[in-house]
>>> print(open('model.csv').read())   # CSV, C-alpha atoms and all ligand atoms
chain,number,residue,atom,x,y,z
A,1,MET,CA,58.8,23.8,-8.1
A,2,SER,CA,55.2,24.8,-7.6
A,3,SER,CA,54.5,28.1,-5.8
A,4,LEU,CA,52.5,25.8,-3.4
A,5,THR,CA,55.4,23.7,-2.2
A,6,GLY,CA,55.5,23.8,1.5
A,7,LYS,CA,52.6,26.3,1.8
A,8,ARG,CA,50.2,25.7,4.6
A,9,ILE,CA,46.6,26.1,3.9
A,10,THR,CA,43.7,25.9,6.4
A,11,LEU,CA,40.7,24.7,4.4
A,12,ILE,CA,37.3,25.5,5.9
A,13,ILE,CA,34.5,23.4,4.5
A,14,THR,CA,31.0,24.7,5.1
A,15,GLY,CA,27.6,23.2,4.6
A,16,SER,CA,26.8,23.1,0.8
A,17,ILE,CA,26.3,20.3,-1.6
A,18,ALA,CA,29.5,21.4,-3.2
A,19,ALA,CA,31.4,20.2,-0.1
A,20,TYR,CA,32.3,17.0,-1.9
A,21,LYS,CA,34.3,19.0,-4.3
A,22,ALA,CA,36.6,20.1,-1.4
A,23,ILE,CA,37.9,16.6,-1.5
A,24,GLU,CA,39.2,17.1,-5.0
A,25,LEU,CA,40.6,20.5,-4.0
A,26,ILE,CA,42.6,18.9,-1.2
A,27,ARG,CA,43.9,16.3,-3.6
A,28,LEU,CA,45.1,19.0,-6.0
A,29,LEU,CA,46.7,21.1,-3.3
A,30,THR,CA,48.5,18.2,-1.6
A,31,LYS,CA,49.7,16.9,-4.9
A,32,ALA,CA,51.3,20.3,-5.6
A,33,GLY,CA,53.2,20.1,-2.3
A,34,ALA,CA,50.9,22.1,0.0
A,35,GLU,CA,50.0,21.0,3.5
A,36,VAL,CA,46.3,21.2,4.1
A,37,GLU,CA,44.6,21.2,7.4
A,38,GLY,CA,40.8,20.8,7.4
A,39,VAL,CA,38.1,22.5,9.4
A,40,LEU,CA,34.6,21.1,9.0
A,41,THR,CA,31.6,23.1,10.2
A,42,LYS,CA,28.5,21.2,11.4
A,43,GLY,CA,26.9,22.0,8.0
A,44,GLY,CA,30.0,20.7,6.2
A,45,ALA,CA,29.9,17.5,8.2
A,46,ALA,CA,26.4,16.9,7.0
A,47,PHE,CA,27.7,16.5,3.5
A,48,ILE,CA,31.1,14.9,3.9
A,49,THR,CA,32.7,12.9,6.7
A,50,PRO,CA,35.7,14.1,8.8
A,51,LEU,CA,37.3,10.8,7.8
A,52,SER,CA,37.5,11.7,4.1
A,53,VAL,CA,39.1,15.0,4.9
A,54,GLU,CA,41.6,13.4,7.3
A,55,ALA,CA,42.4,10.6,4.7
A,56,LEU,CA,43.4,13.2,2.1
A,57,THR,CA,45.1,15.8,4.3
A,58,GLY,CA,46.9,13.3,6.4
A,59,LYS,CA,46.0,15.5,9.4
A,60,ARG,CA,43.4,15.5,12.1
A,61,VAL,CA,40.3,17.4,11.0
A,62,HIS,CA,39.0,20.2,13.3
A,63,THR,CA,35.4,20.6,14.1
A,64,GLU,CA,35.2,21.9,17.7
A,65,MET,CA,36.4,25.1,19.4
A,66,TRP,CA,37.8,23.3,22.4
A,67,ASP,CA,39.7,20.1,21.8
A,68,GLU,CA,39.3,17.4,24.5
A,69,HIS,CA,42.7,15.9,23.5
A,70,SER,CA,44.8,19.0,23.9
A,71,TYR,CA,45.0,22.4,25.4
A,72,GLU,CA,45.5,23.9,22.0
A,73,MET,CA,43.5,27.0,21.1
A,74,ASN,CA,42.2,25.7,17.8
A,75,HIS,CA,40.8,29.0,16.6
A,76,ILE,CA,44.0,30.9,17.1
A,77,GLU,CA,46.5,28.2,16.1
A,78,LEU,CA,44.6,27.3,12.9
A,79,SER,CA,45.2,30.8,11.6
A,80,ARG,CA,48.7,31.3,13.0
A,81,ARG,CA,50.2,28.2,11.4
A,82,ALA,CA,48.5,28.8,8.0
A,83,ASP,CA,49.8,30.8,5.1
A,84,LEU,CA,46.3,31.1,3.7
A,85,ILE,CA,42.8,30.3,4.9
A,86,ALA,CA,40.6,29.0,2.1
A,87,ILE,CA,36.8,28.5,2.5
A,88,ALA,CA,35.4,26.2,-0.1
A,89,PRO,CA,32.5,25.9,-0.3
A,90,ALA,CA,31.6,29.1,1.4
A,91,THR,CA,27.9,29.5,2.2
A,92,ALA,CA,26.1,32.8,2.5
A,93,GLY,CA,26.1,32.2,6.2
A,94,ILE,CA,29.8,32.0,6.7
A,95,ILE,CA,30.3,35.1,4.4
A,96,ALA,CA,27.8,37.0,6.6
A,97,LYS,CA,29.8,36.0,9.7
A,98,ILE,CA,33.1,37.1,8.1
A,99,ALA,CA,31.6,40.5,7.0
A,100,ASN,CA,30.1,41.1,10.5
A,101,GLY,CA,32.8,39.7,12.7
A,102,ILE,CA,30.7,36.9,14.2
A,103,GLY,CA,32.6,34.0,15.8
A,104,ASP,CA,30.1,31.5,17.1
A,105,ASP,CA,31.8,28.2,16.1
A,106,LEU,CA,35.3,27.0,15.3
A,107,ALA,CA,35.3,28.0,11.6
A,108,SER,CA,34.0,31.6,12.2
A,109,SER,CA,36.2,32.0,15.2
A,110,VAL,CA,39.3,31.0,13.1
A,111,LEU,CA,38.2,33.7,10.6
A,112,LEU,CA,37.7,36.3,13.3
A,113,ALA,CA,41.1,35.5,14.9
A,114,ARG,CA,42.9,35.4,11.5
A,115,ASN,CA,46.1,37.2,10.7
A,116,LYS,CA,46.3,35.6,7.3
A,117,PRO,CA,44.7,36.3,3.8
A,118,ILE,CA,41.4,34.5,3.1
A,119,LEU,CA,40.0,33.1,-0.1
A,120,LEU,CA,36.4,32.4,-0.6
A,121,ALA,CA,34.7,30.1,-3.1
A,122,PRO,CA,31.0,30.8,-2.6
A,123,SER,CA,28.3,28.2,-3.3
A,124,MET,CA,24.6,29.0,-3.1
A,125,ASN,CA,21.3,29.5,-4.9
A,126,THR,CA,21.0,32.4,-7.3
A,127,GLU,CA,18.5,34.3,-5.3
A,128,MET,CA,20.8,34.2,-2.3
A,129,TRP,CA,23.7,35.3,-4.5
A,130,GLU,CA,21.7,38.3,-5.7
A,131,ASN,CA,20.2,39.1,-2.3
A,132,ALA,CA,20.9,42.7,-1.3
A,133,ALA,CA,22.1,41.7,2.2
A,134,PHE,CA,24.4,39.1,0.8
A,135,ARG,CA,25.8,41.5,-1.8
A,136,ARG,CA,26.6,43.9,1.1
A,137,ASN,CA,28.3,41.1,3.1
A,138,LEU,CA,30.3,39.9,0.1
A,139,ALA,CA,31.4,43.5,-0.7
A,140,GLN,CA,32.4,44.0,2.9
A,141,ALA,CA,34.4,40.8,3.0
A,142,GLN,CA,36.2,41.7,-0.2
A,143,ALA,CA,36.8,45.3,1.0
A,144,ASP,CA,38.4,43.7,4.1
A,145,GLY,CA,40.7,41.8,1.7
A,146,ALA,CA,39.0,38.4,1.0
A,147,ILE,CA,40.0,37.0,-2.4
A,148,LEU,CA,36.9,35.9,-4.3
A,149,VAL,CA,36.8,32.8,-6.6
A,150,ALA,CA,33.5,33.7,-8.3
A,151,PRO,CA,30.8,31.0,-8.7
A,152,GLN,CA,29.6,29.8,-12.1
A,153,THR,CA,26.3,30.0,-13.9
A,154,ASP,CA,24.8,26.5,-14.4
A,155,THR,CA,21.9,24.3,-13.3
A,156,LEU,CA,22.2,24.3,-9.5
A,157,ALA,CA,21.6,21.5,-7.1
A,158,CYS,CA,18.2,23.0,-6.2
A,159,GLY,CA,17.1,22.5,-9.8
A,160,GLU,CA,17.1,26.2,-10.7
A,161,THR,CA,19.4,27.6,-13.3
A,162,GLY,CA,21.6,30.7,-12.6
A,163,ILE,CA,24.7,31.9,-10.9
A,164,GLY,CA,25.8,30.2,-7.7
A,165,LYS,CA,27.5,26.9,-8.5
A,166,MET,CA,30.9,26.8,-6.8
A,167,ALA,CA,33.9,27.3,-9.1
A,168,GLU,CA,35.5,24.0,-10.1
A,169,PRO,CA,38.3,22.7,-7.8
A,170,THR,CA,40.8,23.4,-10.6
A,171,SER,CA,39.8,27.1,-10.7
A,172,ILE,CA,40.0,27.4,-6.9
A,173,PHE,CA,43.4,25.6,-7.1
A,174,ASP,CA,44.5,28.1,-9.8
A,175,ALA,CA,43.4,31.1,-7.7
A,176,ILE,CA,45.3,29.8,-4.7
A,177,GLU,CA,48.4,29.2,-6.8
A,178,THR,CA,48.1,32.7,-8.3
A,179,HIS,CA,47.8,34.1,-4.8
A,180,PHE,CA,51.1,32.6,-3.7
A,181,ARG,CA,52.9,33.4,-7.0
A,182,SER,CA,51.9,37.0,-7.0
A,183,ALA,CA,51.4,37.9,-3.4
A,184,GLU,CA,52.9,41.3,-2.7
A,185,THR,CA,55.4,41.3,-5.6
A,186,LEU,CA,54.1,44.7,-6.8
A,187,SER,CA,53.8,46.2,-3.3
A,188,GLY,CA,54.9,49.9,-3.3
A,189,LYS,CA,53.8,50.3,-6.9
A,190,THR,CA,50.9,52.4,-8.1
A,191,ALA,CA,48.7,51.7,-11.1
A,192,ILE,CA,45.9,53.4,-13.0
A,193,VAL,CA,43.5,51.2,-14.9
A,194,THR,CA,40.7,52.4,-17.1
A,195,SER,CA,37.7,50.1,-17.6
A,196,GLY,CA,34.2,50.0,-19.1
A,197,GLY,CA,32.8,52.2,-21.9
A,198,THR,CA,32.4,55.9,-21.8
A,199,ILE,CA,29.0,57.6,-22.0
A,200,GLU,CA,28.7,60.6,-24.4
A,201,ARG,CA,25.5,62.5,-23.8
A,202,ILE,CA,23.2,63.5,-26.6
A,203,ASP,CA,20.6,65.3,-24.4
A,204,SER,CA,19.4,65.0,-20.8
A,205,VAL,CA,18.1,61.4,-21.3
A,206,ARG,CA,20.0,59.9,-24.2
A,207,TYR,CA,23.6,58.9,-24.7
A,208,ILE,CA,26.0,57.1,-27.1
A,209,SER,CA,28.1,54.3,-25.6
A,210,ASN,CA,29.4,50.9,-26.6
A,211,PHE,CA,29.1,47.2,-25.5
A,212,SER,CA,32.2,47.2,-23.3
A,213,SER,CA,31.4,45.2,-20.1
A,214,GLY,CA,34.3,46.3,-18.0
A,215,LYS,CA,35.1,42.7,-17.1
A,216,GLN,CA,38.6,42.7,-18.5
A,217,GLY,CA,39.6,46.0,-17.0
A,218,ASN,CA,38.1,45.1,-13.6
A,219,ALA,CA,40.0,41.8,-13.6
A,220,ILE,CA,43.3,43.5,-14.3
A,221,ALA,CA,42.7,46.0,-11.5
A,222,LEU,CA,41.9,43.1,-9.1
A,223,SER,CA,45.0,41.1,-10.2
A,224,LEU,CA,47.2,44.1,-9.8
A,225,ALA,CA,45.7,44.8,-6.3
A,226,GLN,CA,46.2,41.2,-5.3
A,227,SER,CA,49.9,41.5,-6.3
A,228,GLY,CA,50.2,44.4,-3.8
A,229,ALA,CA,49.9,47.4,-6.2
A,230,LYS,CA,47.8,50.4,-5.2
A,231,VAL,CA,45.3,50.7,-8.0
A,232,SER,CA,43.1,53.6,-9.1
A,233,LEU,CA,40.3,52.0,-11.2
A,234,VAL,CA,38.7,54.7,-13.3
A,235,VAL,CA,35.6,53.0,-14.5
A,236,GLY,CA,33.0,54.2,-17.0
A,237,ASN,CA,29.8,52.5,-18.1
A,238,THR,CA,29.6,48.9,-16.9
A,239,LYS,CA,27.0,46.4,-15.6
A,240,GLU,CA,29.7,44.6,-13.6
A,241,HIS,CA,30.1,44.9,-9.9
A,242,ALA,CA,33.3,46.8,-9.4
A,243,PRO,CA,36.0,44.6,-7.8
A,244,LYS,CA,36.3,45.2,-4.0
A,245,HIS,CA,39.8,45.1,-2.6
A,246,PRO,CA,41.6,47.3,0.0
A,247,ASN,CA,44.2,48.2,-2.6
A,248,ILE,CA,41.6,49.4,-5.2
A,249,GLU,CA,40.2,52.9,-5.2
A,250,ILE,CA,37.2,53.1,-7.6
A,251,ILE,CA,36.7,56.3,-9.4
A,252,PRO,CA,33.4,56.3,-11.4
A,253,VAL,CA,33.3,58.5,-14.4
A,254,GLU,CA,30.9,59.1,-17.3
A,255,SER,CA,32.5,60.6,-20.4
A,256,ALA,CA,35.9,60.4,-22.1
A,257,GLU,CA,36.7,63.9,-20.9
A,258,ASP,CA,35.8,62.9,-17.3
A,259,MET,CA,38.0,59.8,-17.6
A,260,LYS,CA,40.9,61.9,-18.8
A,261,VAL,CA,40.6,64.3,-15.8
A,262,ALA,CA,40.4,61.4,-13.4
A,263,VAL,CA,43.4,59.7,-14.9
A,264,ASP,CA,45.5,62.9,-14.9
A,265,ALA,CA,44.6,63.5,-11.3
A,266,LYS,CA,46.1,60.1,-10.4
A,267,LEU,CA,49.4,60.6,-12.2
A,268,PRO,CA,52.3,60.0,-11.6
A,269,ALA,CA,51.9,56.3,-11.4
A,270,ASP,CA,54.2,53.3,-12.1
A,271,ILE,CA,51.7,51.5,-14.3
A,272,PHE,CA,48.9,52.6,-16.7
A,273,VAL,CA,46.5,50.1,-18.3
A,274,GLY,CA,44.0,51.6,-20.7
A,275,CYS,CA,41.4,48.9,-21.0
A,276,ALA,CA,38.4,51.2,-21.3
A,277,ALA,CA,36.5,51.4,-24.6
A,278,VAL,CA,36.6,55.2,-24.9
A,279,CYS,CA,34.2,56.7,-27.4
A,280,ASP,CA,36.3,58.4,-30.1
A,281,PHE,CA,33.8,61.2,-30.5
A,282,ARG,CA,31.5,63.2,-28.3
A,283,VAL,CA,28.4,65.2,-29.3
A,284,SER,CA,29.5,68.8,-29.6
A,285,ASN,CA,25.9,70.2,-29.7
A,286,LYS,CA,24.5,68.1,-26.9
A,287,SER,CA,21.4,69.5,-25.3
A,288,ASP,CA,20.7,70.1,-21.6
A,289,LYS,CA,17.0,69.4,-22.3
A,290,LYS,CA,15.3,66.4,-23.9
A,291,LEU,CA,15.3,66.8,-27.7
A,292,LYS,CA,11.9,66.6,-29.4
A,293,LYS,CA,11.7,64.3,-32.4
A,294,GLU,CA,9.6,66.8,-34.2
A,295,ALA,CA,12.6,69.1,-34.3
A,296,GLY,CA,14.6,66.4,-36.2
A,297,LEU,CA,18.1,65.3,-35.2
A,298,ASP,CA,21.3,67.0,-36.3
A,299,LEU,CA,24.1,65.8,-34.2
A,300,GLN,CA,27.6,67.3,-34.5
A,301,PHE,CA,30.6,65.5,-33.2
A,302,GLU,CA,34.1,66.4,-32.0
A,303,GLU,CA,37.0,64.2,-31.2
A,304,ASN,CA,37.6,63.0,-27.7
A,305,PRO,CA,41.1,63.1,-26.1
A,306,ASP,CA,43.0,59.9,-26.5
A,307,ILE,CA,43.8,59.0,-22.9
A,308,ALA,CA,46.2,56.2,-23.5
A,309,LYS,CA,48.1,58.3,-26.0
A,310,SER,CA,48.3,61.3,-23.6
A,311,VAL,CA,49.8,59.0,-20.9
A,312,GLY,CA,52.1,57.0,-23.3
A,313,THR,CA,53.6,60.1,-24.8
A,314,LEU,CA,54.3,62.0,-21.6
A,315,ARG,CA,57.9,63.1,-21.0
A,316,LYS,CA,60.1,60.3,-19.6
A,317,GLU,CA,60.1,61.8,-16.1
A,318,GLU,CA,56.3,61.9,-15.9
A,319,ARG,CA,55.4,58.8,-17.9
A,320,PRO,CA,54.5,55.6,-16.0
A,321,HIS,CA,57.2,53.0,-16.4
A,322,LEU,CA,54.8,50.7,-18.2
A,323,VAL,CA,51.9,51.9,-20.4
A,324,ILE,CA,49.6,49.2,-21.7
A,325,GLY,CA,46.9,49.7,-24.3
A,326,PHE,CA,44.3,47.4,-25.9
A,327,ALA,CA,43.3,47.0,-29.5
A,328,ALA,CA,40.0,45.6,-30.3
A,329,GLU,CA,39.8,45.1,-34.1
A,330,THR,CA,37.7,43.4,-36.6
A,331,ASP,CA,40.4,43.1,-39.3
A,332,GLU,CA,44.2,43.3,-39.7
A,333,LEU,CA,44.4,42.9,-35.9
A,334,ILE,CA,48.2,42.7,-35.5
A,335,HIS,CA,48.9,45.4,-38.0
A,336,HIS,CA,46.6,47.8,-36.2
A,337,ALA,CA,48.0,46.8,-32.8
A,338,GLN,CA,51.5,47.5,-34.0
A,339,LYS,CA,50.5,50.9,-35.2
A,340,LYS,CA,48.8,51.7,-31.9
A,341,LEU,CA,51.9,50.6,-30.0
A,342,VAL,CA,53.9,53.3,-31.7
A,343,SER,CA,51.3,56.1,-32.1
A,344,LYS,CA,50.1,55.8,-28.5
A,345,GLY,CA,53.6,55.3,-27.0
A,346,CYS,CA,52.6,52.0,-25.4
A,347,ASP,CA,55.0,49.3,-24.1
A,348,LEU,CA,52.5,46.6,-24.8
A,349,VAL,CA,49.3,46.4,-26.8
A,350,VAL,CA,46.9,43.6,-25.9
A,351,ALA,CA,45.2,42.8,-29.2
A,352,ASN,CA,41.9,41.0,-29.5
A,353,ASP,CA,39.8,40.1,-32.5
A,354,VAL,CA,36.2,41.4,-32.1
A,355,SER,CA,35.2,40.4,-35.6
A,356,GLN,CA,32.7,37.9,-34.2
A,357,GLY,CA,31.4,40.7,-31.9
A,358,ALA,CA,31.4,38.1,-29.1
A,359,ILE,CA,34.1,39.3,-26.8
A,360,PHE,CA,32.1,42.1,-25.0
A,361,GLY,CA,30.5,40.7,-21.9
A,362,GLN,CA,32.0,37.2,-22.3
A,363,ASP,CA,34.1,35.5,-19.6
A,364,GLN,CA,36.8,34.4,-22.0
A,365,ASN,CA,39.2,36.1,-24.4
A,366,THR,CA,41.8,35.2,-26.9
A,367,VAL,CA,44.5,37.8,-27.0
A,368,HIS,CA,47.9,38.6,-28.5
A,369,PHE,CA,50.7,40.5,-26.7
A,370,VAL,CA,52.2,42.9,-29.2
A,371,THR,CA,55.4,44.7,-28.3
A,372,ARG,CA,58.1,46.3,-30.4
A,373,GLU,CA,60.1,43.0,-30.1
A,374,SER,CA,57.5,40.3,-30.4
A,375,ILE,CA,54.0,39.0,-30.9
A,376,GLN,CA,52.8,36.4,-28.5
A,377,THR,CA,49.4,34.6,-28.9
A,378,LEU,CA,47.9,33.3,-25.7
A,379,ASP,CA,45.5,30.4,-25.4
A,380,THR,CA,41.8,31.3,-25.0
A,381,LEU,CA,41.6,32.1,-21.3
A,382,LEU,CA,39.2,33.4,-18.7
A,383,LYS,CA,39.4,37.2,-18.5
A,384,SER,CA,40.8,36.8,-15.0
A,385,LYS,CA,43.6,34.6,-16.4
A,386,VAL,CA,44.3,37.1,-19.2
A,387,ALA,CA,44.5,39.7,-16.4
A,388,ASP,CA,47.0,37.5,-14.5
A,389,ALA,CA,49.1,37.1,-17.7
A,390,ILE,CA,49.2,40.9,-18.1
A,391,VAL,CA,50.2,41.3,-14.5
A,392,ASP,CA,52.9,38.6,-14.9
A,393,TRP,CA,54.2,40.6,-17.9
A,394,ILE,CA,54.3,43.7,-15.8
A,395,ARG,CA,56.0,41.9,-12.9
A,396,GLU,CA,58.8,40.7,-15.1
A,397,ARG,CA,59.5,44.2,-16.3
A,398,LEU,CA,59.3,46.2,-13.1
B,401,LIG,O1,42.4,53.8,-30.9
B,401,LIG,P1,41.6,52.8,-30.2
B,401,LIG,O2,40.4,53.3,-29.6
B,401,LIG,O3,41.4,51.5,-31.0
B,401,LIG,O4,42.7,52.4,-29.1
B,401,LIG,C1,42.4,51.5,-28.0
B,401,LIG,C2,43.2,51.8,-26.9
B,401,LIG,O5,43.4,53.2,-26.6
B,401,LIG,C3,42.6,51.2,-25.6
B,401,LIG,O6,43.7,51.0,-24.7
B,401,LIG,C4,41.8,52.4,-25.1
B,401,LIG,O7,41.6,52.3,-23.7
B,401,LIG,C5,42.7,53.6,-25.4
B,401,LIG,N1,41.9,54.8,-25.8
B,401,LIG,C6,42.0,55.9,-24.9
B,401,LIG,N2,41.3,57.0,-25.3
B,401,LIG,C7,40.7,57.2,-26.4
B,401,LIG,C8,40.6,56.1,-27.3
B,401,LIG,C9,41.2,54.9,-26.9
B,401,LIG,O8,42.6,55.8,-23.9
B,401,LIG,N3,40.1,58.3,-26.7
>>> encode(input="model.csv", output="structure tokens", more="lines below")
Ligand code: C5P
Amino acid sequence: MSSLTGKRITLIITGSIAAYKAIELIRLLTKAGAEVEGVLTKGGAAFITPLSVEALTGKRVHTEMWDEHSYEMNHIELSRRADLIAIAPATAGIIAKIANGIGDDLASSVLLARNKPILLAPSMNTEMWENAAFRRNLAQAQADGAILVAPQTDTLACGETGIGKMAEPTSIFDAIETHFRSAETLSGKTAIVTSGGTIERIDSVRYISNFSSGKQGNAIALSLAQSGAKVSLVVGNTKEHAPKHPNIEIIPVESAEDMKVAVDAKLPADIFVGCAAVCDFRVSNKSDKKLKKEAGLDLQFEENPDIAKSVGTLRKEERPHLVIGFAAETDELIHHAQKKLVSKGCDLVVANDVSQGAIFGQDQNTVHFVTRESIQTLDTLLKSKVADAIVDWIRERL
């Protein structure tokens, strides 16, 4: 049975060219056993007709605050009888209203009166997506608990190329399914996730780091948070926007030593996921001033603490129930992963082959789950899906 069987979803369709894809989303949801009720904004109705939404949902579509056929308070009822409110496509306008508590039509009033989780699939031009005011609004909506199904990078309807194309209906469907499958199953649990690369200073203006993007660690933190766990995300050097969720506390750090201090401060925890690319060495003779090239360069190194190992080898009473490490290797991947499993005291090592050098910064990953009992190779998946698979693994064991 699908996790969507019998689930009630209010689907708000706002004014974007991607509105036609909402039709396919309704089809996928109803086929999986969900009951969908449509809300069409004026903008949404400029792109698709109420009749198409009604035909696929089998229910009357809602467009107005006050219904001339009944005394029902649409904006209240549409939230109360739903298990989830999805907004696909979600324009910058509706996200601004969500972030600022504006209810000036039926859709925004449903969102203001909501007592249910919301999921957003934004669709807009790249400049709008990057706009500082929009970034603030999206961050606020996420901080208030909205689940984001991120848009894709492609040629947009306006002819420009960039990020902003709405996620495909299958990806939105997957996110909705994941929400129902995982909702609150880890509530009451605490997790520490390390993410990104560390920065090891050479002098006041230069540093050593690596190409870790932080995408995988951030996705794991978000997936854990969406499952109800309280997550401390200890994040080093990354270009990614940190995931916003009420269950995530973001702790920015610079060096491996800082990361260790931040992790130790958050122990004890139920779950530890070491996804950061921690520099193995730091410069022992770093300078507080800018080094001059005329003086030549003579760097000395000393080893950094191994954070995953320090957590994995804690005494039983202090150790998290589950300790998960990563192994990024260019050769003998499984062999090295198995060695790390033992030496770092992990319960699971997620191994990925970086011999092509292409994993860092990419959206997809092919990983192997290496435990003492088994080796399981997953399909090539979006990093968000790898994160969900890791969280499923955790869920089965807690
Ligand atoms: O030994 P290696 O760096 O390949 O191990 C990778 C795993 O160990 C990752 O989970 C990484 O986050 C963690 N690690 C750590 N502290 C270090 C080095 C690696 O937590 N100093």
>>> residues_around(input="model.csv", residues="Val205 of chain A", least_positions_apart="5", cutoff="12 Å", atoms="all atoms listed in the file", output="list in words")
Ile199, Glu200, Lys286, Ser287, Asp288, Lys289, Lys290, Leu291 and Lys292 of chain A
>>> residues_around(input="model.csv", residues="Phe173 of chain A", least_positions_apart="4", cutoff="8 Å", atoms="only C-alpha atoms", output="mmCIF file with C-alpha atoms, in the coordinates of the input")
data_model
loop_
_atom_site.group_PDB
_atom_site.id
_atom_site.type_symbol
_atom_site.label_atom_id
_atom_site.label_comp_id
_atom_site.auth_asym_id
_atom_site.auth_seq_id
_atom_site.Cartn_x
_atom_site.Cartn_y
_atom_site.Cartn_z
ATOM 1 C CA LEU A 25 40.600 20.500 -4.000
ATOM 2 C CA LEU A 28 45.100 19.000 -6.000
ATOM 3 C CA LEU A 29 46.700 21.100 -3.300
ATOM 4 C CA PRO A 169 38.300 22.700 -7.800
ATOM 5 C CA GLU A 177 48.400 29.200 -6.800
#
>>> closest_residue(input="model.csv", among="A:Asn115, A:Ser227, A:Thr194, A:Asn365", to="ligand LIG 401 (chain B)", atoms="all atoms listed in the file")
A:Thr194
>>> closest_atom_pairs(input="model.csv", of="chain A", to="ligand LIG 401 (chain B)", cutoff="10 Å", atoms="only C-alpha atoms and all ligand atoms", output="Markdown table")
| residue | atom | partner | partner_atom | distance |
| --- | --- | --- | --- | --- |
| A:Val193 | CA | B:LIG401 | O7 | 9.1 |
| A:Thr194 | CA | B:LIG401 | O7 | 6.7 |
| A:Ser195 | CA | B:LIG401 | O7 | 7.6 |
| A:Gly196 | CA | B:LIG401 | O7 | 9.0 |
| A:Gly197 | CA | B:LIG401 | O7 | 9.0 |
| A:Thr198 | CA | B:LIG401 | N3 | 9.4 |
| A:Gly217 | CA | B:LIG401 | O7 | 9.4 |
| A:Ala256 | CA | B:LIG401 | N3 | 6.6 |
| A:Glu257 | CA | B:LIG401 | N3 | 8.7 |
| A:Met259 | CA | B:LIG401 | O8 | 8.8 |
| A:Lys260 | CA | B:LIG401 | O8 | 8.1 |
| A:Val263 | CA | B:LIG401 | O8 | 9.8 |
| A:Phe272 | CA | B:LIG401 | O6 | 9.7 |
| A:Val273 | CA | B:LIG401 | O6 | 7.0 |
| A:Gly274 | CA | B:LIG401 | O7 | 3.9 |
| A:Cys275 | CA | B:LIG401 | O7 | 4.3 |
| A:Ala276 | CA | B:LIG401 | O7 | 4.1 |
| A:Ala277 | CA | B:LIG401 | O7 | 5.3 |
| A:Val278 | CA | B:LIG401 | C8 | 4.8 |
| A:Cys279 | CA | B:LIG401 | N3 | 6.2 |
| A:Asp280 | CA | B:LIG401 | N3 | 5.1 |
| A:Phe281 | CA | B:LIG401 | N3 | 7.9 |
| A:Glu303 | CA | B:LIG401 | N3 | 8.0 |
| A:Asn304 | CA | B:LIG401 | N3 | 5.4 |
| A:Pro305 | CA | B:LIG401 | N3 | 4.9 |
| A:Asp306 | CA | B:LIG401 | N3 | 3.3 |
| A:Ile307 | CA | B:LIG401 | O8 | 3.6 |
| A:Ala308 | CA | B:LIG401 | O8 | 3.6 |
| A:Lys309 | CA | B:LIG401 | O8 | 6.4 |
| A:Ser310 | CA | B:LIG401 | O8 | 7.9 |
| A:Val311 | CA | B:LIG401 | O8 | 8.4 |
| A:Gly312 | CA | B:LIG401 | O8 | 9.6 |
| A:Val323 | CA | B:LIG401 | O6 | 9.3 |
| A:Ile324 | CA | B:LIG401 | O6 | 6.9 |
| A:Gly325 | CA | B:LIG401 | O6 | 3.5 |
| A:Phe326 | CA | B:LIG401 | O6 | 3.8 |
| A:Ala327 | CA | B:LIG401 | C1 | 4.8 |
| A:Ala328 | CA | B:LIG401 | O3 | 6.1 |
| A:Glu329 | CA | B:LIG401 | O3 | 7.3 |
| A:His336 | CA | B:LIG401 | O3 | 8.2 |
| A:Ala337 | CA | B:LIG401 | O3 | 8.3 |
| A:Lys339 | CA | B:LIG401 | O1 | 9.6 |
| A:Lys340 | CA | B:LIG401 | O4 | 6.7 |
| A:Leu341 | CA | B:LIG401 | C2 | 9.3 |
| A:Ser343 | CA | B:LIG401 | O1 | 9.3 |
| A:Lys344 | CA | B:LIG401 | O5 | 7.4 |
| A:Cys346 | CA | B:LIG401 | O6 | 9.0 |
| A:Leu348 | CA | B:LIG401 | O6 | 9.8 |
| A:Val349 | CA | B:LIG401 | O6 | 7.5 |
| A:Val350 | CA | B:LIG401 | O6 | 8.2 |
| A:Ala351 | CA | B:LIG401 | C1 | 9.2 |
>>> residues_around(input="model.csv", residues="segment 180-188 of chain A", least_positions_apart="4", cutoff="9 Å", atoms="all atoms listed in the file", output="VMD selection string")
chain A and resid 2 to 4 7 84 175 to 176 223 to 230 388 391 to 392 395 398
>>> residues_around(input="model.csv", residues="segment 41-52 of chain A", least_positions_apart="6", cutoff="9 Å", atoms="all atoms listed in the file", output="compact mmCIF listing (two decimals) with C-alpha atoms, in the coordinates of the input")
# COMPACT_ATOMS: atom_id res chain seq x y z
CA ILE A 12 37.30 25.50 5.90
CA ILE A 13 34.50 23.40 4.50
CA THR A 14 31.00 24.70 5.10
CA GLY A 15 27.60 23.20 4.60
CA SER A 16 26.80 23.10 0.80
CA ILE A 17 26.30 20.30 -1.60
CA ALA A 18 29.50 21.40 -3.20
CA ALA A 19 31.40 20.20 -0.10
CA TYR A 20 32.30 17.00 -1.90
CA ILE A 23 37.90 16.60 -1.50
CA ARG A 60 43.40 15.50 12.10
CA VAL A 61 40.30 17.40 11.00
CA HIS A 62 39.00 20.20 13.30
CA THR A 63 35.40 20.60 14.10
CA GLU A 64 35.20 21.90 17.70
CA PRO A 89 32.50 25.90 -0.30
CA ASP A 105 31.80 28.20 16.10
CA LEU A 106 35.30 27.00 15.30
CA ALA A 107 35.30 28.00 11.60
>>> atom_distance(input="model.csv", atom1="atom CA of Thr5 of chain A", atom2="atom CA of Gly33 of chain A")
4.2 Å
>>> atom_distance(input="model.csv", atom1="atom CA of Val39 of chain A", atom2="atom CA of Val53 of chain A")
8.8 Å
